[in-house]
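*Asks:* This is the structure I want to talk about, given as structure tokens.
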Amino acid sequence: MPPTVLIIQNTPLDPAGVLGDELMNCGAQLVTWQPSQQPIPPAAAYAGLIIMGGPMGAYDDAEFPHLRPTVDLIQQFYREDKPILGVCLGAQLVARAFGSRVYPHSTPEIGFTPVTVADVTAQEPWLKNCSADLKVMQWHFDTFDLPESATWLMTNETCRHQAFRIGSKIYGFQFHLEVTAEIIAGWQAMESAWIQANYPDLGQQFQRQIQAYGAQSAMFARQVAQAWFVLLSTPAALSA
């Protein structure tokens, strides 16, 4: 029986994208929970958990009451030794679930930026194969302290904590490795006054960057998805 993964999609604008497509190619079944449409997650047994990004802050529980249950789910999957993957807000919620602070970053990151390997001894195949000039999509205003139990995996000059691992089955990515051109176009359409003032040529910038870096980013995301899918086959995950 194929493993089933619960995806928490915090906003309609940020689906699982390349990550979800590759997991399905590997044989996973995906169940998506959109809290804006359904107040509680669909009840079922899951082999793994993915938490996507969103415009809310990691502590905005009053306005977005699904955030506290999301943290509870992260802690539950951790206790059950099942794989977890967090993207942007998802990574920040993983950090929150493990007692770390999430807070506004001094410099927002928007657009494709370079990221590099922080731990050259890490055994992740997608890190070993990581291009030295990898550029990935960013859209975040917050950052987080690395959980005490975490291994720091990726970094860049603007935002120190770009990727981490807790144990052998929990991963957080500050950047948006899931993006497609269509996903980015949806974000661009929701530009704020601040974005328009600080990134007046954002549309043209995105077009150039997607053409230059989109294929490389998607390849990286597929490698991450393939490695994470293997974790779904562990005894704990299979007992879901």
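Scheme for the structure tokens: letters A, B, ... for chains in order shown; per-chain residue numbers from 1; ligand numbers from 1 in order shown.
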Assign secondary structure with DSSP using the backbone only, and return the residues of region 63-165 of chain A in strand (DSSP E or B) as an NGL selection string.

*Replies:* :A and (84-87 or 102-114 or 116-117 or 135-144 or 150-155 or 163-165)

*Asks:* Those selected residues, please, written with N, CA, C and O atoms and delivered as a compact mmCIF listing (two decimals), in the first residue's frame.

*Replies:*
```
# COMPACT_ATOMS: atom_id res chain seq x y z
N ILE A 84 8.94 14.47 8.60
CA ILE A 84 8.34 15.79 8.55
C ILE A 84 9.20 16.66 7.65
O ILE A 84 10.43 16.58 7.67
N LEU A 85 8.53 17.52 6.85
CA LEU A 85 9.26 18.47 6.01
C LEU A 85 8.53 19.80 6.07
O LEU A 85 7.32 19.87 5.80
N GLY A 86 9.24 20.86 6.44
CA GLY A 86 8.66 22.19 6.53
C GLY A 86 9.30 23.13 5.53
O GLY A 86 10.52 23.13 5.37
N VAL A 87 8.46 23.94 4.87
CA VAL A 87 8.93 24.88 3.86
C VAL A 87 8.57 26.30 4.30
O VAL A 87 7.39 26.60 4.53
N VAL A 102 11.12 32.36 16.65
CA VAL A 102 10.90 32.85 15.29
C VAL A 102 10.65 34.34 15.39
O VAL A 102 9.87 34.79 16.23
N TYR A 103 11.29 35.14 14.52
CA TYR A 103 11.24 36.59 14.70
C TYR A 103 11.53 37.29 13.37
O TYR A 103 12.06 36.67 12.43
N PRO A 104 11.16 38.58 13.26
CA PRO A 104 11.43 39.31 12.01
C PRO A 104 12.91 39.36 11.70
O PRO A 104 13.73 39.63 12.59
N HIS A 105 13.24 39.12 10.44
CA HIS A 105 14.63 39.17 10.02
C HIS A 105 15.01 40.60 9.66
O HIS A 105 14.17 41.40 9.26
N SER A 106 16.28 40.92 9.80
CA SER A 106 16.75 42.28 9.51
C SER A 106 16.61 42.62 8.04
O SER A 106 16.43 43.80 7.69
N THR A 107 16.69 41.62 7.17
CA THR A 107 16.64 41.85 5.73
C THR A 107 15.70 40.85 5.07
O THR A 107 15.99 39.64 5.08
N PRO A 108 14.59 41.28 4.50
CA PRO A 108 13.73 40.34 3.78
C PRO A 108 14.47 39.73 2.59
O PRO A 108 15.38 40.35 2.02
N GLU A 109 14.08 38.52 2.23
CA GLU A 109 14.61 37.87 1.04
C GLU A 109 13.46 37.61 0.08
O GLU A 109 12.51 36.91 0.43
N ILE A 110 13.57 38.16 -1.12
CA ILE A 110 12.55 37.96 -2.14
C ILE A 110 13.25 37.74 -3.47
O ILE A 110 14.09 38.53 -3.88
N GLY A 111 12.92 36.64 -4.12
CA GLY A 111 13.55 36.29 -5.38
C GLY A 111 14.55 35.16 -5.21
O GLY A 111 14.78 34.65 -4.11
N PHE A 112 15.13 34.75 -6.31
CA PHE A 112 16.11 33.66 -6.29
C PHE A 112 17.44 34.17 -5.75
O PHE A 112 17.99 35.16 -6.24
N THR A 113 17.95 33.49 -4.73
CA THR A 113 19.23 33.87 -4.11
C THR A 113 20.10 32.62 -3.97
O THR A 113 19.60 31.50 -3.92
N PRO A 114 21.40 32.79 -3.87
CA PRO A 114 22.28 31.63 -3.70
C PRO A 114 22.19 31.06 -2.30
O PRO A 114 22.03 31.79 -1.32
N THR A 116 24.24 27.82 0.07
CA THR A 116 25.40 26.93 0.06
C THR A 116 25.27 25.91 1.18
O THR A 116 24.51 26.09 2.13
N VAL A 117 26.07 24.87 1.08
CA VAL A 117 26.08 23.80 2.08
C VAL A 117 26.81 24.29 3.32
O VAL A 117 27.94 24.78 3.24
N LYS A 135 20.76 28.43 -6.85
CA LYS A 135 19.94 29.58 -6.47
C LYS A 135 18.50 29.12 -6.35
O LYS A 135 18.00 28.41 -7.22
N VAL A 136 17.86 29.52 -5.26
CA VAL A 136 16.51 29.05 -4.96
C VAL A 136 15.61 30.23 -4.62
O VAL A 136 16.07 31.31 -4.25
N MET A 137 14.31 30.00 -4.72
CA MET A 137 13.33 31.06 -4.52
C MET A 137 13.13 31.37 -3.03
O MET A 137 12.95 30.46 -2.22
N GLN A 138 13.15 32.65 -2.73
CA GLN A 138 12.91 33.12 -1.36
C GLN A 138 11.73 34.10 -1.36
O GLN A 138 11.56 34.87 -2.30
N TRP A 139 10.94 34.03 -0.30
CA TRP A 139 9.93 35.07 -0.05
C TRP A 139 9.60 35.00 1.43
O TRP A 139 8.67 34.36 1.86
N HIS A 140 10.42 35.68 2.23
CA HIS A 140 10.18 35.64 3.67
C HIS A 140 10.71 36.90 4.33
O HIS A 140 11.67 37.52 3.87
N PHE A 141 10.06 37.24 5.45
CA PHE A 141 10.42 38.41 6.24
C PHE A 141 10.90 38.01 7.63
O PHE A 141 11.39 38.85 8.37
N ASP A 142 10.73 36.74 7.99
CA ASP A 142 11.10 36.24 9.31
C ASP A 142 12.24 35.24 9.20
O ASP A 142 12.54 34.72 8.12
N THR A 143 12.85 34.97 10.33
CA THR A 143 13.84 33.91 10.44
C THR A 143 13.64 33.23 11.80
O THR A 143 12.68 33.51 12.51
N PHE A 144 14.53 32.32 12.16
CA PHE A 144 14.36 31.54 13.38
C PHE A 144 15.72 31.16 13.95
O PHE A 144 16.73 31.11 13.23
N ALA A 150 19.07 20.40 16.30
CA ALA A 150 19.13 20.42 14.84
C ALA A 150 20.56 20.39 14.32
O ALA A 150 21.49 20.90 14.96
N THR A 151 20.71 19.82 13.13
CA THR A 151 21.95 19.91 12.36
C THR A 151 21.74 20.96 11.28
O THR A 151 20.79 20.89 10.50
N TRP A 152 22.62 21.94 11.25
CA TRP A 152 22.54 23.05 10.30
C TRP A 152 23.06 22.58 8.95
O TRP A 152 24.20 22.13 8.84
N LEU A 153 22.23 22.68 7.89
CA LEU A 153 22.59 22.09 6.61
C LEU A 153 22.93 23.09 5.51
O LEU A 153 23.83 22.85 4.72
N MET A 154 22.19 24.21 5.43
CA MET A 154 22.40 25.17 4.34
C MET A 154 22.31 26.59 4.86
O MET A 154 21.63 26.86 5.86
N THR A 155 22.97 27.51 4.16
CA THR A 155 23.04 28.89 4.61
C THR A 155 23.21 29.82 3.41
O THR A 155 23.39 29.38 2.28
N ALA A 163 18.47 25.78 5.89
CA ALA A 163 17.98 24.39 5.94
C ALA A 163 18.59 23.70 7.14
O ALA A 163 19.73 23.99 7.53
N PHE A 164 17.80 22.79 7.74
CA PHE A 164 18.29 22.05 8.90
C PHE A 164 17.61 20.69 8.95
O PHE A 164 16.60 20.44 8.29
N ARG A 165 18.20 19.82 9.76
CA ARG A 165 17.63 18.48 10.01
C ARG A 165 17.58 18.25 11.51
O ARG A 165 18.51 18.63 12.24
```

*Asks:* Between A:Leu127, A:Ile170, A:Leu134, A:Val115, which one has atoms that come closest to Glu80 (chain A), using only C-alpha atoms?

*Replies:*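 Among the listed residues, the smallest separation from Glu80 (chain A) belongs to A:Ile170.
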
*Asks:* Rank A:Leu23, A:Ile74, A:Cys130, A:Ala221 by their smallest atom-to-atom distance to Ala118 (chain A), using only C-alpha atoms, and report the top residue only.

*Replies:*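 For Ala118 (chain A), the nearest of the candidates is A:Cys130.
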
*Asks:* Write out as a ChimeraX atom specification which residues come within 10 Å of region 44-50 of chain A when counting only C-alpha atoms, dropping same-chain ones fewer than 6 positions away.

*Replies:* /A:2-9,16,19-20,28-32,73-74,77-78,80-87,90-91,169-172,228-229,231-240

*Asks:* So which residues touch Gly186 (chain A) within 7 Å, counting only C-alpha atoms, skipping near sequence neighbours fewer than 4 positions away, as a PyMOL selection string?

*Replies:* chain A and resi 13+182+190

*Asks:* Figure out the distance between CA of Gln207 (chain A) and CA of Val224 (chain A), please, to one decimal in Å.

*Replies:*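 Interatomic distance, CA of Val224 (chain A) to CA of Gln207 (chain A): 24.5 Å.
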
*Asks:* Which polymer residues have any atom within 7 Å of an atom of Val18 (chain A), counting only C-alpha atoms, with same-chain residues fewer than 5 positions away left out, as a PyMOL selection string?

*Replies:* chain A and resi 178-180+218+221-222

*Asks:* Tell me, which residues of region 6-240 of chain A carry DSSP alpha helix (DSSP H), written as a VMD selection string?

*Replies:* chain A and resid 17 to 26 67 to 79 89 to 97 125 to 128 181 to 188 193 to 198 202 to 231 235 to 238

*Asks:* Of the candidates A:Leu93, A:Pro42, A:Gln37, A:Ala181, which shows the shortest atom-to-atom distance to Gln211 (chain A), using only C-alpha atoms?

*Replies:*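 Of A:Leu93, A:Pro42, A:Gln37, A:Ala181, the one nearest Gln211 (chain A), counting only C-alpha atoms, is A:Ala181.
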
*Asks:* For a test of reading the model, state the distance in Å between CA of Gln226 (chain A) and CA of Glu22 (chain A), rounded to one decimal.

*Replies:*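 Value for the CA of Gln226 (chain A)-CA of Glu22 (chain A) distance: 7.1 Å.
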
*Asks:* Using only C-alpha atoms, which of A:Gly57, A:Ala227, A:Arg79, A:Ile195 sits nearest Glu124 (chain A)?

*Replies:*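 Smallest distance to Glu124 (chain A) is found for A:Ala227.
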
*Asks:* From the options A:Val94, A:Arg101, A:Gln162, A:Ala58, which residue's atoms come nearest to Asp119 (chain A), counting only C-alpha atoms?

*Replies:*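 Distance minimum relative to Asp119 (chain A) lands on A:Gln162.
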
*Asks:* Between A:Met219, A:Ile210, A:Ile166, A:Ile183, which is the closest to Asn129 (chain A) once you count only C-alpha atoms?

*Replies:* A:Met219

*Asks:* So what do you get for CA of Arg96 (chain A) versus CA of Met52 (chain A), distance-wise?

*Replies:*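 It comes out at 14.7 Å.
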